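start-v1.cif (mmCIF, C-alpha atoms)
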data_start
#
loop_
_atom_site.group_PDB
_atom_site.id
_atom_site.type_symbol
_atom_site.label_atom_id
_atom_site.label_comp_id
_atom_site.auth_asym_id
_atom_site.auth_seq_id
_atom_site.Cartn_x
_atom_site.Cartn_y
_atom_site.Cartn_z
ATOM 1 C CA LEU A 1 0.000 0.000 0.000
ATOM 2 C CA ARG A 2 2.951 2.317 0.653
ATOM 3 C CA THR A 3 4.182 1.845 -2.943
ATOM 4 C CA LEU A 4 0.707 2.662 -4.206
ATOM 5 C CA GLU A 5 0.575 5.857 -2.131
ATOM 6 C CA ASN A 6 3.950 7.014 -3.472
ATOM 7 C CA ALA A 7 2.904 6.319 -7.076
ATOM 8 C CA ILE A 8 -0.307 8.304 -6.558
ATOM 9 C CA ARG A 9 1.673 11.255 -5.148
ATOM 10 C CA ILE A 10 4.263 11.256 -7.947
ATOM 11 C CA GLY A 11 1.902 10.331 -10.792
ATOM 12 C CA LEU A 12 3.542 7.068 -11.804
ATOM 13 C CA PRO A 13 1.637 4.101 -13.237
ATOM 14 C CA VAL A 14 1.099 1.032 -11.029
ATOM 15 C CA LEU A 15 0.651 -2.522 -12.288
ATOM 16 C CA ILE A 16 -0.741 -5.215 -10.017
ATOM 17 C CA GLU A 17 -0.280 -8.662 -11.516
ATOM 18 C CA GLU A 18 -2.173 -11.927 -11.062
ATOM 19 C CA VAL A 19 -5.319 -10.391 -9.603
ATOM 20 C CA GLY A 20 -7.966 -12.901 -8.567
ATOM 21 C CA GLU A 21 -11.721 -12.561 -8.881
ATOM 22 C CA ALA A 22 -12.001 -10.699 -5.559
ATOM 23 C CA LEU A 23 -10.391 -7.283 -5.150
ATOM 24 C CA ASP A 24 -9.068 -5.735 -1.959
ATOM 25 C CA PRO A 25 -11.588 -3.206 -0.580
ATOM 26 C CA ALA A 26 -8.681 -0.805 0.051
ATOM 27 C CA LEU A 27 -8.499 -0.304 -3.744
ATOM 28 C CA GLU A 28 -12.080 1.009 -3.891
ATOM 29 C CA PRO A 29 -11.214 4.756 -3.741
ATOM 30 C CA ILE A 30 -8.649 4.284 -6.523
ATOM 31 C CA LEU A 31 -10.993 2.297 -8.765
ATOM 32 C CA LEU A 32 -13.755 4.883 -8.323
ATOM 33 C CA LYS A 33 -11.315 7.838 -8.483
ATOM 34 C CA GLN A 34 -12.821 9.255 -5.315
ATOM 35 C CA THR A 35 -10.756 12.421 -5.275
ATOM 36 C CA PHE A 36 -11.636 15.623 -3.482
ATOM 37 C CA MET A 37 -10.261 19.144 -3.131
ATOM 38 C CA GLN A 38 -9.000 20.355 0.229
ATOM 39 C CA GLY A 39 -6.957 23.491 0.706
ATOM 40 C CA GLY A 40 -6.430 23.782 -3.047
ATOM 41 C CA ARG A 41 -4.932 20.278 -3.233
ATOM 42 C CA LEU A 42 -6.409 17.275 -5.016
ATOM 43 C CA LEU A 43 -6.506 14.384 -2.529
ATOM 44 C CA ILE A 44 -7.679 10.791 -2.332
ATOM 45 C CA ARG A 45 -8.407 8.925 0.897
ATOM 46 C CA LEU A 46 -6.548 5.619 1.215
ATOM 47 C CA GLY A 47 -7.410 3.844 4.423
ATOM 48 C CA ASP A 48 -7.172 6.409 7.184
ATOM 49 C CA SER A 49 -4.875 8.894 5.423
ATOM 50 C CA ASP A 50 -5.343 11.491 2.695
ATOM 51 C CA VAL A 51 -2.822 11.281 -0.157
ATOM 52 C CA ASP A 52 -2.021 13.966 -2.757
ATOM 53 C CA TYR A 53 -3.408 12.765 -6.093
ATOM 54 C CA ASP A 54 -1.436 13.436 -9.278
ATOM 55 C CA LYS A 55 -3.631 13.380 -12.399
ATOM 56 C CA ASN A 56 -0.948 11.425 -14.282
ATOM 57 C CA PHE A 57 -1.408 8.417 -11.979
ATOM 58 C CA ARG A 58 -2.626 5.279 -13.777
ATOM 59 C CA PHE A 59 -3.648 1.984 -12.224
ATOM 60 C CA TYR A 60 -3.499 -1.323 -14.120
ATOM 61 C CA MET A 61 -4.335 -4.857 -13.033
ATOM 62 C CA THR A 62 -3.694 -8.121 -14.858
ATOM 63 C CA SER A 63 -4.996 -11.618 -14.289
ATOM 64 C CA LYS A 64 -3.822 -14.994 -15.501
ATOM 65 C CA LEU A 65 -7.342 -16.346 -15.176
ATOM 66 C CA SER A 66 -8.501 -17.474 -18.612
ATOM 67 C CA ASN A 67 -12.136 -16.511 -18.018
ATOM 68 C CA PRO A 68 -12.512 -14.553 -14.784
ATOM 69 C CA HIS A 69 -16.002 -14.045 -13.415
ATOM 70 C CA TYR A 70 -16.007 -10.664 -11.717
ATOM 71 C CA MET A 71 -18.943 -9.305 -9.767
ATOM 72 C CA PRO A 72 -21.078 -6.716 -11.629
ATOM 73 C CA GLU A 73 -19.914 -3.923 -9.301
ATOM 74 C CA ILE A 74 -16.326 -4.528 -10.435
ATOM 75 C CA PHE A 75 -17.343 -4.106 -14.084
ATOM 76 C CA ILE A 76 -18.762 -0.694 -13.167
ATOM 77 C CA LYS A 77 -15.507 0.424 -11.564
ATOM 78 C CA VAL A 78 -12.963 -0.723 -14.170
ATOM 79 C CA THR A 79 -12.462 -1.228 -17.877
ATOM 80 C CA ILE A 80 -11.844 -4.891 -18.627
ATOM 81 C CA ILE A 81 -9.907 -5.827 -21.740
ATOM 82 C CA ASN A 82 -9.634 -9.445 -22.827
ATOM 83 C CA PHE A 83 -6.312 -10.043 -24.561
ATOM 84 C CA THR A 84 -6.929 -13.749 -25.063
ATOM 85 C CA VAL A 85 -5.902 -14.870 -28.529
ATOM 86 C CA THR A 86 -8.204 -17.421 -30.087
ATOM 87 C CA ARG A 87 -7.498 -19.502 -33.138
ATOM 88 C CA LEU A 88 -10.430 -17.950 -35.020
ATOM 89 C CA GLY A 89 -9.363 -14.391 -34.114
ATOM 90 C CA LEU A 90 -5.793 -15.082 -35.222
ATOM 91 C CA GLU A 91 -7.048 -16.592 -38.508
ATOM 92 C CA ASP A 92 -9.140 -13.473 -39.172
ATOM 93 C CA GLN A 93 -6.163 -11.200 -38.529
ATOM 94 C CA LEU A 94 -3.863 -13.219 -40.772
ATOM 95 C CA LEU A 95 -6.477 -13.426 -43.529
ATOM 96 C CA ALA A 96 -6.979 -9.644 -43.354
ATOM 97 C CA ASP A 97 -3.204 -9.062 -43.610
ATOM 98 C CA VAL A 98 -2.801 -11.417 -46.591
ATOM 99 C CA THR A 99 -5.858 -9.926 -48.314
ATOM 100 C CA ARG A 100 -4.574 -6.385 -47.745
ATOM 101 C CA LEU A 101 -1.235 -7.290 -49.355
ATOM 102 C CA GLU A 102 -2.463 -9.416 -52.255
ATOM 103 C CA ARG A 103 -5.896 -7.921 -53.004
ATOM 104 C CA PRO A 104 -6.198 -4.392 -51.587
ATOM 105 C CA ASP A 105 -9.486 -3.929 -53.478
ATOM 106 C CA LEU A 106 -11.070 -6.803 -51.532
ATOM 107 C CA GLU A 107 -9.776 -5.372 -48.266
ATOM 108 C CA GLU A 108 -11.334 -1.994 -49.105
ATOM 109 C CA GLN A 109 -14.603 -3.728 -49.947
ATOM 110 C CA ARG A 110 -14.462 -5.667 -46.666
ATOM 111 C CA ASN A 111 -13.839 -2.473 -44.687
ATOM 112 C CA ALA A 112 -16.702 -0.741 -46.486
ATOM 113 C CA LEU A 113 -19.023 -3.647 -45.643
ATOM 114 C CA ILE A 114 -17.987 -3.537 -41.983
ATOM 115 C CA MET A 115 -18.675 0.214 -41.901
ATOM 116 C CA LYS A 116 -22.072 -0.302 -43.566
ATOM 117 C CA ILE A 117 -23.030 -3.073 -41.150
ATOM 118 C CA ASN A 118 -22.124 -0.882 -38.180
ATOM 119 C CA ALA A 119 -24.049 2.072 -39.624
ATOM 120 C CA ASP A 120 -27.090 -0.157 -40.232
ATOM 121 C CA LYS A 121 -26.934 -1.477 -36.662
ATOM 122 C CA GLN A 122 -26.841 2.107 -35.413
ATOM 123 C CA LYS A 123 -29.860 3.011 -37.567
ATOM 124 C CA LEU A 124 -31.812 0.073 -36.152
ATOM 125 C CA LYS A 125 -30.871 1.069 -32.625
ATOM 126 C CA ASP A 126 -31.942 4.663 -33.267
ATOM 127 C CA ILE A 127 -35.293 3.494 -34.642
ATOM 128 C CA GLU A 128 -35.795 1.161 -31.686
ATOM 129 C CA ASP A 129 -35.059 4.023 -29.306
ATOM 130 C CA LYS A 130 -37.503 6.271 -31.166
ATOM 131 C CA ILE A 131 -40.230 3.607 -31.031
ATOM 132 C CA LEU A 132 -39.691 3.036 -27.314
ATOM 133 C CA LYS A 133 -39.790 6.772 -26.665
ATOM 134 C CA MET A 134 -42.996 7.131 -28.667
ATOM 135 C CA LEU A 135 -44.581 4.165 -26.837
ATOM 136 C CA PHE A 136 -43.591 5.648 -23.504
ATOM 137 C CA HIS A 137 -45.075 9.056 -24.324
ATOM 138 C CA SER A 138 -48.182 7.771 -26.112
ATOM 139 C CA GLU A 139 -51.539 8.465 -24.577
ATOM 140 C CA GLY A 140 -54.704 6.513 -25.164
ATOM 141 C CA ASN A 141 -54.875 3.744 -27.736
ATOM 142 C CA ILE A 142 -51.502 3.240 -29.436
ATOM 143 C CA LEU A 143 -53.262 2.033 -32.589
ATOM 144 C CA ASP A 144 -54.646 5.568 -33.059
ATOM 145 C CA ASP A 145 -51.145 7.111 -33.056
ATOM 146 C CA GLU A 146 -50.439 7.442 -36.792
ATOM 147 C CA GLU A 147 -46.867 8.674 -36.292
ATOM 148 C CA LEU A 148 -46.085 5.586 -34.207
ATOM 149 C CA ILE A 149 -47.652 3.262 -36.798
ATOM 150 C CA GLU A 150 -45.667 5.001 -39.571
ATOM 151 C CA THR A 151 -42.435 4.664 -37.564
ATOM 152 C CA LEU A 152 -43.133 0.967 -36.980
ATOM 153 C CA ASN A 153 -43.716 0.448 -40.711
ATOM 154 C CA ASP A 154 -40.502 2.348 -41.537
ATOM 155 C CA SER A 155 -38.569 0.204 -39.078
ATOM 156 C CA LYS A 156 -40.012 -2.955 -40.617
ATOM 157 C CA VAL A 157 -38.945 -1.865 -44.107
ATOM 158 C CA MET A 158 -35.473 -0.841 -42.923
ATOM 159 C CA SER A 159 -35.045 -4.077 -41.010
ATOM 160 C CA LYS A 160 -35.876 -6.081 -44.146
ATOM 161 C CA GLU A 161 -33.438 -3.982 -46.212
ATOM 162 C CA ILE A 162 -30.651 -4.508 -43.696
ATOM 163 C CA ASN A 163 -31.201 -8.241 -43.297
ATOM 164 C CA ILE A 164 -31.206 -8.923 -47.038
#

Would you put the structure from the file into structure tokens?
Amino acid sequence: LRTLENAIRIGLPVLIEEVGEALDPALEPILLKQTFMQGGRLLIRLGDSDVDYDKNFRFYMTSKLSNPHYMPEIFIKVTIINFTVTRLGLEDQLLADVTRLERPDLEEQRNALIMKINADKQKLKDIEDKILKMLFHSEGNILDDEELIETLNDSKVMSKEINI
């Protein structure tokens, strides 16, 4: 904990390796960045002491667990990145590299398709959000709301276009 306090004061990164599925409660203020101003100084409370907090401080944790099952409250506090390499993921990367070198036109087409798919997913999400908002704010019989019916029909048409 003393090393952690010094790193927070100086603004150095800290790496804790081989973290299990349960985290030490003493890390809570760091994970939530519970800083506060006192006397013009930015502080964080660690245990029973207040420590000067440098904004350059970074906190990293690694785990050797292949598929850790963290509690939902941990997911709220941290950003979890899975660096596990799978055979399928590696094949996709290698195929993309070979395609980019040998057939750049196919790689451009692939990238364009990925962009289109993502844009279409966003459109569907936007329409879903609009429908939910309209349903929430509708009054009376929803079958009498012509704007809602029109939006539902538009979403049906767009969904068919996207799935084709």

Residue by residue, what does the PyMOL selection byres ((chain A and resi 77) around 9) grab here? Present the result as a CSV table (one decimal) with C-alpha atoms, in the frame of the given file.
chain,number,residue,atom,x,y,z
A,28,GLU,CA,-12.1,1.0,-3.9
A,31,LEU,CA,-11.0,2.3,-8.8
A,32,LEU,CA,-13.8,4.9,-8.3
A,73,GLU,CA,-19.9,-3.9,-9.3
A,74,ILE,CA,-16.3,-4.5,-10.4
A,75,PHE,CA,-17.3,-4.1,-14.1
A,76,ILE,CA,-18.8,-0.7,-13.2
A,78,VAL,CA,-13.0,-0.7,-14.2
A,79,THR,CA,-12.5,-1.2,-17.9

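Atom CA of Asp52 of chain A to atom CA of Ile8 of chain A spans 7.0 Å [interatomic distance, one decimal].
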
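Atom CA of Ala119 of chain A to atom CA of Ile162 of chain A spans 10.2 Å [interatomic distance, one decimal].
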
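Compared by their closest atoms to Gly20 of chain A, and using only C-alpha atoms, the residues A:Gln38, A:Asn56, A:Thr62, A:Ser155 rank with A:Thr62 nearest.
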
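Going from atom CA of Tyr60 of chain A to atom CA of Gly47 of chain A covers 19.6 Å.
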
For Arg9 of chain A, which of A:Glu21, A:Glu147, A:Asp54, A:Asp97 is the closest residue, counting all atoms listed in the file?
-> A:Asp54

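Of the residues listed (A:Ser49, A:Asn153, A:Asn163, A:Gln122), A:Ser49 shows the shortest atom-to-atom separation from Leu1 of chain A; distances use all atoms listed in the file.
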
Please evaluate the PyMOL selection byres ((chain A and resi 63-67) around 10) against the displayed coordinates and give the resulting residues as number ranges by chain.
-> A: 16-21, 61-62, 68-70, 82-84

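Proximity to Val51 of chain A was assessed for A:Glu5, A:Asp24, A:Glu91, A:Glu107 counting all atoms listed in the file; the smallest distance is recorded for A:Glu5.
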
Excluding segment 128-138 of chain A and residues on its chain fewer than 4 positions from it, collect all residues at most 9 Å away from it, counting all atoms listed in the file, and give them as a PyMOL selection string.
-> chain A and resi 123-124+142+145+147-148+151-152+155

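Counting all atoms listed in the file and comparing A:Tyr53, A:Lys116, A:Pro29, A:Asp154, the residue that lies closest to Arg41 of chain A is A:Tyr53.
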
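Among the candidates A:Ile114, A:Leu15, A:Ala22, A:Ala7, the residue lying nearest to Met71 of chain A is A:Ala22 (atoms considered: all atoms listed in the file).
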
Padding 5 Å on each side, edges along x, y and z: where is the centre of the box around the listed atoms of segment 125-136 of chain A, and how long are its edges in Å to one decimal? Output it as lines of an AutoDock Vina configuration file.
center_x = -37.7
center_y = 4.1
center_z = -29.1
size_x = 23.7
size_y = 16.1
size_z = 21.1

All heavy atoms restored at segment 151-162 of chain A, emitted as a short mmCIF file (atom, residue, chain, number, x, y, z; two decimals), keeping the file's coordinate frame:
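Final output, result31.cif:
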data_model
loop_
_atom_site.label_atom_id
_atom_site.label_comp_id
_atom_site.auth_asym_id
_atom_site.auth_seq_id
_atom_site.Cartn_x
_atom_site.Cartn_y
_atom_site.Cartn_z
N THR A 151 -43.80 4.98 -38.00
CA THR A 151 -42.44 4.66 -37.56
C THR A 151 -42.23 3.16 -37.50
O THR A 151 -41.18 2.64 -37.89
CB THR A 151 -42.15 5.30 -36.19
OG1 THR A 151 -42.39 6.71 -36.27
CG2 THR A 151 -40.73 5.05 -35.74
N LEU A 152 -43.23 2.43 -37.02
CA LEU A 152 -43.13 0.97 -36.98
C LEU A 152 -43.02 0.39 -38.39
O LEU A 152 -42.23 -0.54 -38.62
CB LEU A 152 -44.34 0.37 -36.25
CG LEU A 152 -44.35 0.55 -34.73
CD1 LEU A 152 -45.72 0.18 -34.16
CD2 LEU A 152 -43.27 -0.29 -34.09
N ASN A 153 -43.80 0.92 -39.32
CA ASN A 153 -43.72 0.45 -40.71
C ASN A 153 -42.35 0.77 -41.31
O ASN A 153 -41.78 -0.07 -42.02
CB ASN A 153 -44.84 1.06 -41.55
CG ASN A 153 -46.18 0.42 -41.26
OD1 ASN A 153 -46.26 -0.74 -40.89
ND2 ASN A 153 -47.25 1.20 -41.43
N ASP A 154 -41.84 1.97 -41.04
CA ASP A 154 -40.50 2.35 -41.54
C ASP A 154 -39.44 1.42 -40.97
O ASP A 154 -38.52 1.00 -41.69
CB ASP A 154 -40.17 3.80 -41.17
CG ASP A 154 -41.03 4.80 -41.92
OD1 ASP A 154 -41.67 4.41 -42.92
OD2 ASP A 154 -41.04 5.99 -41.51
N SER A 155 -39.57 1.08 -39.68
CA SER A 155 -38.57 0.20 -39.08
C SER A 155 -38.65 -1.20 -39.67
O SER A 155 -37.63 -1.86 -39.87
CB SER A 155 -38.76 0.14 -37.56
OG SER A 155 -39.93 -0.56 -37.23
N LYS A 156 -39.85 -1.64 -40.01
CA LYS A 156 -40.01 -2.96 -40.62
C LYS A 156 -39.35 -2.99 -41.98
O LYS A 156 -38.63 -3.93 -42.33
CB LYS A 156 -41.52 -3.26 -40.75
CG LYS A 156 -41.84 -4.60 -41.33
CD LYS A 156 -43.35 -4.81 -41.37
CE LYS A 156 -43.73 -6.07 -42.06
NZ LYS A 156 -45.19 -6.23 -42.18
N VAL A 157 -39.56 -1.94 -42.78
CA VAL A 157 -38.94 -1.86 -44.11
C VAL A 157 -37.43 -1.81 -43.99
O VAL A 157 -36.71 -2.54 -44.69
CB VAL A 157 -39.48 -0.62 -44.87
CG1 VAL A 157 -38.68 -0.38 -46.14
CG2 VAL A 157 -40.96 -0.80 -45.19
N MET A 158 -36.94 -0.96 -43.08
CA MET A 158 -35.47 -0.84 -42.92
C MET A 158 -34.88 -2.13 -42.42
O MET A 158 -33.81 -2.54 -42.88
CB MET A 158 -35.13 0.29 -41.96
CG MET A 158 -33.64 0.42 -41.77
SD MET A 158 -33.08 1.98 -41.14
CE MET A 158 -33.71 3.13 -42.29
N SER A 159 -35.54 -2.82 -41.53
CA SER A 159 -35.04 -4.08 -41.01
C SER A 159 -34.93 -5.11 -42.13
O SER A 159 -33.96 -5.85 -42.21
CB SER A 159 -35.96 -4.58 -39.91
OG SER A 159 -35.50 -5.81 -39.40
N LYS A 160 -35.93 -5.15 -43.01
CA LYS A 160 -35.88 -6.08 -44.15
C LYS A 160 -34.74 -5.72 -45.08
O LYS A 160 -34.05 -6.60 -45.59
CB LYS A 160 -37.21 -6.07 -44.91
CG LYS A 160 -38.30 -6.84 -44.19
CD LYS A 160 -39.58 -6.86 -45.01
CE LYS A 160 -40.67 -7.63 -44.28
NZ LYS A 160 -41.93 -7.65 -45.02
N GLU A 161 -34.53 -4.42 -45.32
CA GLU A 161 -33.44 -3.98 -46.21
C GLU A 161 -32.09 -4.39 -45.62
O GLU A 161 -31.20 -4.84 -46.34
CB GLU A 161 -33.47 -2.47 -46.40
CG GLU A 161 -34.58 -1.98 -47.27
CD GLU A 161 -34.62 -0.45 -47.35
OE1 GLU A 161 -33.70 0.20 -46.81
OE2 GLU A 161 -35.58 0.08 -47.93
N ILE A 162 -31.92 -4.21 -44.34
CA ILE A 162 -30.65 -4.51 -43.70
C ILE A 162 -30.38 -6.00 -43.66
O ILE A 162 -29.25 -6.45 -43.88
CB ILE A 162 -30.62 -3.91 -42.28
CG1 ILE A 162 -30.55 -2.38 -42.37
CG2 ILE A 162 -29.46 -4.45 -41.46
CD1 ILE A 162 -30.70 -1.67 -41.06
#
